[in-house]
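To keep things clear, I will list the structure first and then write my remarks on it.
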2 protein chains.
Amino acid sequence: MSTSAQFDFAPLLPAGLPAPAARWTGLAKYSFVGGNNDPDQVPVDGLLEAMNAVLKREGRNLATYNLAHGPQGYLPLRQFLTEKLKRDAGIACTPDEVMIVSGSLQALDLVNHTLLAKGDTVLIEQETYQGSLNRLTRLGVNAVGIPLDGEGIRIDALAEALADHKRRGITPKYIYTIPTVQNPTGSILPESRRAEMLKLSKEYGVPIFEDDCYADLIWNGERPPAIYAMSTHGGVIHIGSFSKSIAPALRVGFIVAPWAIMSRMLPLKTDAGSGALEQMVLSEYCTPHFAAHVPKLTRGLRAKLDTLMEALNEQFGTAAEFEAPKGGIFLWVKLPDNVDTLKLYQAALAAGVSINPGPEWSTSKAHSGSRLRLCFASPSHEQIREGVAVLAEVCRKEFGVPARSSNVEKRG
Amino acid sequence: MSTSAQFDFAPLLPAGLPAPAARWTGLAKYSFVGGNNDPDQVPVDGLLEAMNAVLKREGRNLATYNLAHGPQGYLPLRQFLTEKLKRDAGIACTPDEVMIVSGSLQALDLVNHTLLAKGDTVLIEQETYQGSLNRLTRLGVNAVGIPLDGEGIRIDALAEALADHKRRGITPKYIYTIPTVQNPTGSILPESRRAEMLKLSKEYGVPIFEDDCYADLIWNGERPPAIYAMSTHGGVIHIGSFSKSIAPALRVGFIVAPWAIMSRMLPLKTDAGSGALEQMVLSEYCTPHFAAHVPKLTRGLRAKLDTLMEALNEQFGTAAEFEAPKGGIFLWVKLPDNVDTLKLYQAALAAGVSINPGPEWSTSKAHSGSRLRLCFASPSHEQIREGVAVLAEVCRKEFGVPARSSNVEKRG
């Protein structure tokens, strides 16, 4: 019987493996996690049209690993990216400085494996992407959080951290920043701070790892130049993704880097290529349609953000504090200090609501213990309203806030 | 200037990185490497038809990581695989025992990261897949090669190796085998040897890692049951791929394993899913068409094998010894003992012909030093003939064999 579990694998397992996975039980009824996108905004017809065109023309090339375009990926997609990055981010690069990867998660992994060893130090935004934090933890890398304010990373704190580490003889391996629609706080780092960060990078010899995964999703479409574009010293690695602008299940991201470091990352991409169909269809679709698609998408996302903020105001009143993000698919919320959002997460999950508890998105438990991240792209407007109502009820039960208000009629 | 290379990354690089990549210069004119498939056999029309159907129906789900099917991948594809594996390999499994991965290379990585630590020992077929050998080297794992004969791994040698390691207090972490169209030798391990391998696996507590990537490509379609199917002790991990049956650029493979070990591999797949479009289209296409597609493909491959063997006979005469493989896309060739195929590889590359030198596909330099692997699916019949002629000429120049024969007219 091939499903017999008599064989004991346990003695063979190396030390340090993660705990075993639990069985998959699906998404929560009200799912405010995961960075999923808005299903109504997936440009299915456009993708299909593009797929038909490109497969008829080039389908035979699927017989060859990397479509015979080499390890950096499908050349037309890299060409689209050089044009798009110039237009949207001010980046001047050639296709040779672009690598297509299997989602920005692979970009994170490649950069980390190229630069990091156990025991190294990196500087990161104090509140940051959970996936990056987890990777650094798993690698045994010391992730030092630099505080943020409403405009992003605080440069004074960054300068102090760099000076302090230098005094202690430590060179951080990179400064990791999500400067354009910061995850989770939603800020956009102004050009002046980008210039100061570059100055510090040059002064201390610490490269900047710029993660621009959400940079296309800005409500007013106004974007400072990428740090990579502003750099004159070549010490920046820039990554991005199509997950948020088109669809996450496609698994297509990219790295932009000078050849000096690109040539060190390439041999670590040992997967014989990222998925060909996605690269082909994205190139074919995006070249004519990307610029028109994004404003439509962001309008839809902004509407969902509004619904979420209204629901929070209605259900939580003054107990929920937040600033509207400048774009993106998530909202960073502060609840009263007596709310432990790790505990709230558990209770909410039991009630069918999933949230991102702040401490999983921050290096500071003190700062984040009562904060949470809520993604709004995936649930419908109705699910947002209902989910927030359930969350408020759970929070009230667990922590006594928000106070019950007789003025607030419960929906549904 | 963002392309400035002034920043010196060198001091930041950790020890042990691979050498920097060279710039991509394309494939050789006559490319007998890479495991690429036959472009004429990619079922483009069928894939397009399937893509249109599945995207119209489910395209919205691209907005959700893993299409909301969880980390083991697109459920309909797993369901197709359970049916296909039952029919073709005798494997009885449920979709929960199947994981979709980004090509069998990811399967190799997941199994290795779940079971191996630096300094471990594994038993492998003495001649084996280069990608597996390289991974083991990079992991610092001791890969002990077990000799093969015309039917595959020699069980007497395997038993001896297991006993010898036990005496020395070493438990190999797995026995890695490519039993069905062995790469590179092309043999098929008979059922009796599979049973003996299972007996040894059980006796010594060493799991079997069965790599069935080429198992669909058998000329006469006759396949012994998979080792996984025959196992009664649950100590087998089985992997396969769509790269050789459909197209390699799709990057879709799969792992079949009992939950006890599947649950340990899952947390290591940190990519938020493999490419969705490929999973969707393969499921939609393969469910009705896979069974009819494969014999058509293998007929085309067999014709190319015949062309290759004829060309070798014609150009090399008795200098090239080989046995027709039972299927697959490669031929394993023995040249005279004075031919160093590592050197031949270099000289041939300069002449526009790429080959796989034996020592990169074997743990025994002594056995493989004059052997080479030639892939025949990708080049056209004409390119096969021309490429073999160029190879023969290069070989003659470098090593004096094959002898020039006045009976052999050089083509082209």
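Residue numbers start at 1 in each chain; chains themselves are named A, B, ... in the order of the structure tokens; ligands are numbered from 1 in the order shown.
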
Interface list for chain A, partner chain B, 6 Å threshold, only C-alpha atoms, as a PDB file with N, CA and C atoms, in the first residue's frame:
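Just written: result.pdb:
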```pdb
ATOM      1  N   MET A   1       0.844  -1.194   0.000  1.00  0.00           N
ATOM      2  CA  MET A   1       0.000   0.000   0.000  1.00  0.00           C
ATOM      3  C   MET A   1       0.879   1.244   0.000  1.00  0.00           C
ATOM      4  N   SER A   2       0.765   2.001  -1.044  1.00  0.00           N
ATOM      5  CA  SER A   2       1.708   3.120  -1.150  1.00  0.00           C
ATOM      6  C   SER A   2       1.393   4.220  -0.146  1.00  0.00           C
ATOM      7  N   THR A   3       0.216   4.196   0.474  1.00  0.00           N
ATOM      8  CA  THR A   3      -0.056   5.263   1.436  1.00  0.00           C
ATOM      9  C   THR A   3       0.308   4.851   2.854  1.00  0.00           C
ATOM     10  N   SER A   4       0.961   3.717   2.976  1.00  0.00           N
ATOM     11  CA  SER A   4       1.355   3.265   4.320  1.00  0.00           C
ATOM     12  C   SER A   4       2.309   4.250   4.958  1.00  0.00           C
ATOM     13  N   ALA A   5       2.108   4.547   6.217  1.00  0.00           N
ATOM     14  CA  ALA A   5       3.007   5.471   6.906  1.00  0.00           C
ATOM     15  C   ALA A   5       3.904   4.714   7.855  1.00  0.00           C
ATOM     16  N   GLN A   6       4.128   3.408   7.618  1.00  0.00           N
ATOM     17  CA  GLN A   6       4.925   2.636   8.561  1.00  0.00           C
ATOM     18  C   GLN A   6       6.370   3.114   8.598  1.00  0.00           C
ATOM     19  N   PHE A   7       6.875   3.608   7.457  1.00  0.00           N
ATOM     20  CA  PHE A   7       8.284   3.994   7.428  1.00  0.00           C
ATOM     21  C   PHE A   7       8.484   5.224   8.296  1.00  0.00           C
ATOM     22  N   LEU A  13      15.582  13.055   9.604  1.00  0.00           N
ATOM     23  CA  LEU A  13      15.415  14.491   9.372  1.00  0.00           C
ATOM     24  C   LEU A  13      16.563  15.275   9.990  1.00  0.00           C
ATOM     25  N   PRO A  14      17.113  16.236   9.260  1.00  0.00           N
ATOM     26  CA  PRO A  14      18.185  17.061   9.832  1.00  0.00           C
ATOM     27  C   PRO A  14      17.640  18.009  10.889  1.00  0.00           C
ATOM     28  N   PRO A  20       6.115  20.557  11.180  1.00  0.00           N
ATOM     29  CA  PRO A  20       5.356  20.014  10.055  1.00  0.00           C
ATOM     30  C   PRO A  20       4.159  20.899   9.714  1.00  0.00           C
ATOM     31  N   ALA A  21       3.797  20.908   8.447  1.00  0.00           N
ATOM     32  CA  ALA A  21       2.626  21.660   8.005  1.00  0.00           C
ATOM     33  C   ALA A  21       1.368  20.994   8.551  1.00  0.00           C
ATOM     34  N   ASN A  36      -3.600  38.990  -1.401  1.00  0.00           N
ATOM     35  CA  ASN A  36      -4.301  38.620  -2.624  1.00  0.00           C
ATOM     36  C   ASN A  36      -4.859  39.849  -3.309  1.00  0.00           C
ATOM     37  N   ASN A  37      -5.199  39.688  -4.569  1.00  0.00           N
ATOM     38  CA  ASN A  37      -5.643  40.832  -5.344  1.00  0.00           C
ATOM     39  C   ASN A  37      -7.153  40.782  -5.550  1.00  0.00           C
ATOM     40  N   ASP A  38      -7.693  41.755  -6.258  1.00  0.00           N
ATOM     41  CA  ASP A  38      -9.128  41.863  -6.494  1.00  0.00           C
ATOM     42  C   ASP A  38      -9.496  41.015  -7.714  1.00  0.00           C
ATOM     43  N   PRO A  39     -10.288  39.971  -7.501  1.00  0.00           N
ATOM     44  CA  PRO A  39     -10.615  39.095  -8.634  1.00  0.00           C
ATOM     45  C   PRO A  39     -11.358  39.832  -9.757  1.00  0.00           C
ATOM     46  N   VAL A  42      -8.757  41.286 -12.381  1.00  0.00           N
ATOM     47  CA  VAL A  42      -7.844  40.487 -13.201  1.00  0.00           C
ATOM     48  C   VAL A  42      -8.249  40.671 -14.658  1.00  0.00           C
ATOM     49  N   VAL A  44      -8.789  39.324 -17.415  1.00  0.00           N
ATOM     50  CA  VAL A  44      -8.836  37.978 -18.003  1.00  0.00           C
ATOM     51  C   VAL A  44      -8.936  38.032 -19.531  1.00  0.00           C
ATOM     52  N   GLY A  59       4.596  29.244 -29.548  1.00  0.00           N
ATOM     53  CA  GLY A  59       4.321  28.088 -28.696  1.00  0.00           C
ATOM     54  C   GLY A  59       5.349  26.974 -28.817  1.00  0.00           C
ATOM     55  N   ARG A  60       5.917  26.816 -30.015  1.00  0.00           N
ATOM     56  CA  ARG A  60       6.923  25.765 -30.221  1.00  0.00           C
ATOM     57  C   ARG A  60       8.118  25.937 -29.264  1.00  0.00           C
ATOM     58  N   LEU A  62       8.238  26.496 -26.308  1.00  0.00           N
ATOM     59  CA  LEU A  62       8.057  25.886 -24.988  1.00  0.00           C
ATOM     60  C   LEU A  62       8.886  24.606 -24.856  1.00  0.00           C
ATOM     61  N   ALA A  63       9.317  24.070 -26.020  1.00  0.00           N
ATOM     62  CA  ALA A  63      10.121  22.850 -26.001  1.00  0.00           C
ATOM     63  C   ALA A  63      11.519  23.084 -25.441  1.00  0.00           C
ATOM     64  N   THR A  64      11.903  24.350 -25.325  1.00  0.00           N
ATOM     65  CA  THR A  64      13.268  24.661 -24.904  1.00  0.00           C
ATOM     66  C   THR A  64      13.255  25.367 -23.555  1.00  0.00           C
ATOM     67  N   TYR A  65      14.070  24.893 -22.641  1.00  0.00           N
ATOM     68  CA  TYR A  65      14.189  25.552 -21.349  1.00  0.00           C
ATOM     69  C   TYR A  65      14.491  27.038 -21.559  1.00  0.00           C
ATOM     70  N   ASN A  66      13.792  27.876 -20.775  1.00  0.00           N
ATOM     71  CA  ASN A  66      13.967  29.329 -20.892  1.00  0.00           C
ATOM     72  C   ASN A  66      13.616  29.864 -22.272  1.00  0.00           C
ATOM     73  N   LEU A 105       9.266  36.843  -4.188  1.00  0.00           N
ATOM     74  CA  LEU A 105       9.808  35.959  -3.146  1.00  0.00           C
ATOM     75  C   LEU A 105      11.104  35.312  -3.615  1.00  0.00           C
ATOM     76  N   LEU A 115      24.159  37.547  -0.747  1.00  0.00           N
ATOM     77  CA  LEU A 115      24.827  38.493   0.154  1.00  0.00           C
ATOM     78  C   LEU A 115      24.967  38.025   1.596  1.00  0.00           C
ATOM     79  N   ALA A 117      25.187  35.580   5.092  1.00  0.00           N
ATOM     80  CA  ALA A 117      25.581  34.362   5.792  1.00  0.00           C
ATOM     81  C   ALA A 117      25.013  34.446   7.199  1.00  0.00           C
ATOM     82  N   TYR A 228      16.982  53.167  -7.082  1.00  0.00           N
ATOM     83  CA  TYR A 228      17.893  52.616  -8.095  1.00  0.00           C
ATOM     84  C   TYR A 228      18.175  53.641  -9.186  1.00  0.00           C
ATOM     85  N   ALA A 229      17.131  54.410  -9.560  1.00  0.00           N
ATOM     86  CA  ALA A 229      17.288  55.412 -10.623  1.00  0.00           C
ATOM     87  C   ALA A 229      18.158  56.574 -10.155  1.00  0.00           C
ATOM     88  N   SER A 231      20.512  56.506  -7.938  1.00  0.00           N
ATOM     89  CA  SER A 231      21.844  56.113  -7.485  1.00  0.00           C
ATOM     90  C   SER A 231      22.907  56.462  -8.516  1.00  0.00           C
ATOM     91  N   THR A 232      24.016  56.976  -8.032  1.00  0.00           N
ATOM     92  CA  THR A 232      25.169  57.195  -8.920  1.00  0.00           C
ATOM     93  C   THR A 232      26.326  56.282  -8.537  1.00  0.00           C
ATOM     94  N   HIS A 233      26.154  55.467  -7.528  1.00  0.00           N
ATOM     95  CA  HIS A 233      27.273  54.639  -7.077  1.00  0.00           C
ATOM     96  C   HIS A 233      27.078  53.144  -7.340  1.00  0.00           C
ATOM     97  N   GLY A 234      25.937  52.781  -7.972  1.00  0.00           N
ATOM     98  CA  GLY A 234      25.768  51.384  -8.369  1.00  0.00           C
ATOM     99  C   GLY A 234      25.530  50.432  -7.220  1.00  0.00           C
ATOM    100  N   GLY A 235      25.224  50.976  -6.020  1.00  0.00           N
ATOM    101  CA  GLY A 235      25.064  50.079  -4.876  1.00  0.00           C
ATOM    102  C   GLY A 235      23.622  49.841  -4.508  1.00  0.00           C
ATOM    103  N   ALA A 247      -1.647  39.937 -11.283  1.00  0.00           N
ATOM    104  CA  ALA A 247      -2.238  38.838 -10.499  1.00  0.00           C
ATOM    105  C   ALA A 247      -1.143  38.036  -9.804  1.00  0.00           C
ATOM    106  N   PRO A 248      -1.330  37.725  -8.516  1.00  0.00           N
ATOM    107  CA  PRO A 248      -0.277  37.042  -7.771  1.00  0.00           C
ATOM    108  C   PRO A 248      -0.052  35.582  -8.156  1.00  0.00           C
ATOM    109  N   ALA A 249      -1.095  34.903  -8.625  1.00  0.00           N
ATOM    110  CA  ALA A 249      -0.909  33.477  -8.909  1.00  0.00           C
ATOM    111  C   ALA A 249       0.001  33.247 -10.118  1.00  0.00           C
ATOM    112  N   LEU A 250       0.305  34.315 -10.869  1.00  0.00           N
ATOM    113  CA  LEU A 250       1.177  34.165 -12.021  1.00  0.00           C
ATOM    114  C   LEU A 250       2.619  33.888 -11.605  1.00  0.00           C
ATOM    115  N   ARG A 251       3.020  34.406 -10.434  1.00  0.00           N
ATOM    116  CA  ARG A 251       4.384  34.188  -9.935  1.00  0.00           C
ATOM    117  C   ARG A 251       5.441  34.779 -10.874  1.00  0.00           C
ATOM    118  N   PRO A 258      23.114  45.850 -11.300  1.00  0.00           N
ATOM    119  CA  PRO A 258      24.292  45.913 -12.168  1.00  0.00           C
ATOM    120  C   PRO A 258      24.885  44.512 -12.341  1.00  0.00           C
ATOM    121  N   SER A 263      25.619  38.884 -11.875  1.00  0.00           N
ATOM    122  CA  SER A 263      26.390  37.700 -12.276  1.00  0.00           C
ATOM    123  C   SER A 263      26.629  36.757 -11.098  1.00  0.00           C
ATOM    124  N   ARG A 264      26.481  37.267  -9.874  1.00  0.00           N
ATOM    125  CA  ARG A 264      26.625  36.414  -8.689  1.00  0.00           C
ATOM    126  C   ARG A 264      25.294  35.783  -8.311  1.00  0.00           C
ATOM    127  N   PRO A 267      23.935  32.303 -10.911  1.00  0.00           N
ATOM    128  CA  PRO A 267      24.219  30.876 -10.683  1.00  0.00           C
ATOM    129  C   PRO A 267      23.416  30.261  -9.537  1.00  0.00           C
ATOM    130  N   ASP A 271      16.733  26.768 -11.142  1.00  0.00           N
ATOM    131  CA  ASP A 271      15.441  26.154 -11.420  1.00  0.00           C
ATOM    132  C   ASP A 271      15.186  25.903 -12.906  1.00  0.00           C
ATOM    133  N   GLY A 275       8.300  30.160 -14.947  1.00  0.00           N
ATOM    134  CA  GLY A 275       7.252  29.686 -15.841  1.00  0.00           C
ATOM    135  C   GLY A 275       7.163  30.484 -17.141  1.00  0.00           C
ATOM    136  N   ALA A 276       7.146  29.770 -18.255  1.00  0.00           N
ATOM    137  CA  ALA A 276       7.202  30.427 -19.557  1.00  0.00           C
ATOM    138  C   ALA A 276       5.890  31.075 -19.952  1.00  0.00           C
TER     139      ALA A 276
END
```

Write down as a ChimeraX atom specification the residues of stretch 58-257 of chain A whose backbone DSSP state falls under alpha helix (DSSP H). /A:58,75-89,104-115,130-138,155-167,191-204,227-230

Would you list the contacts of B:Gly152 as a PyMOL selection string, taking every protein, DNA or RNA residue within 12 Å and counting only C-alpha atoms, but skipping same-chain residues closer than 4 positions in sequence? chain B and resi 124-128+146-148+156-158+177-194+197+325-326
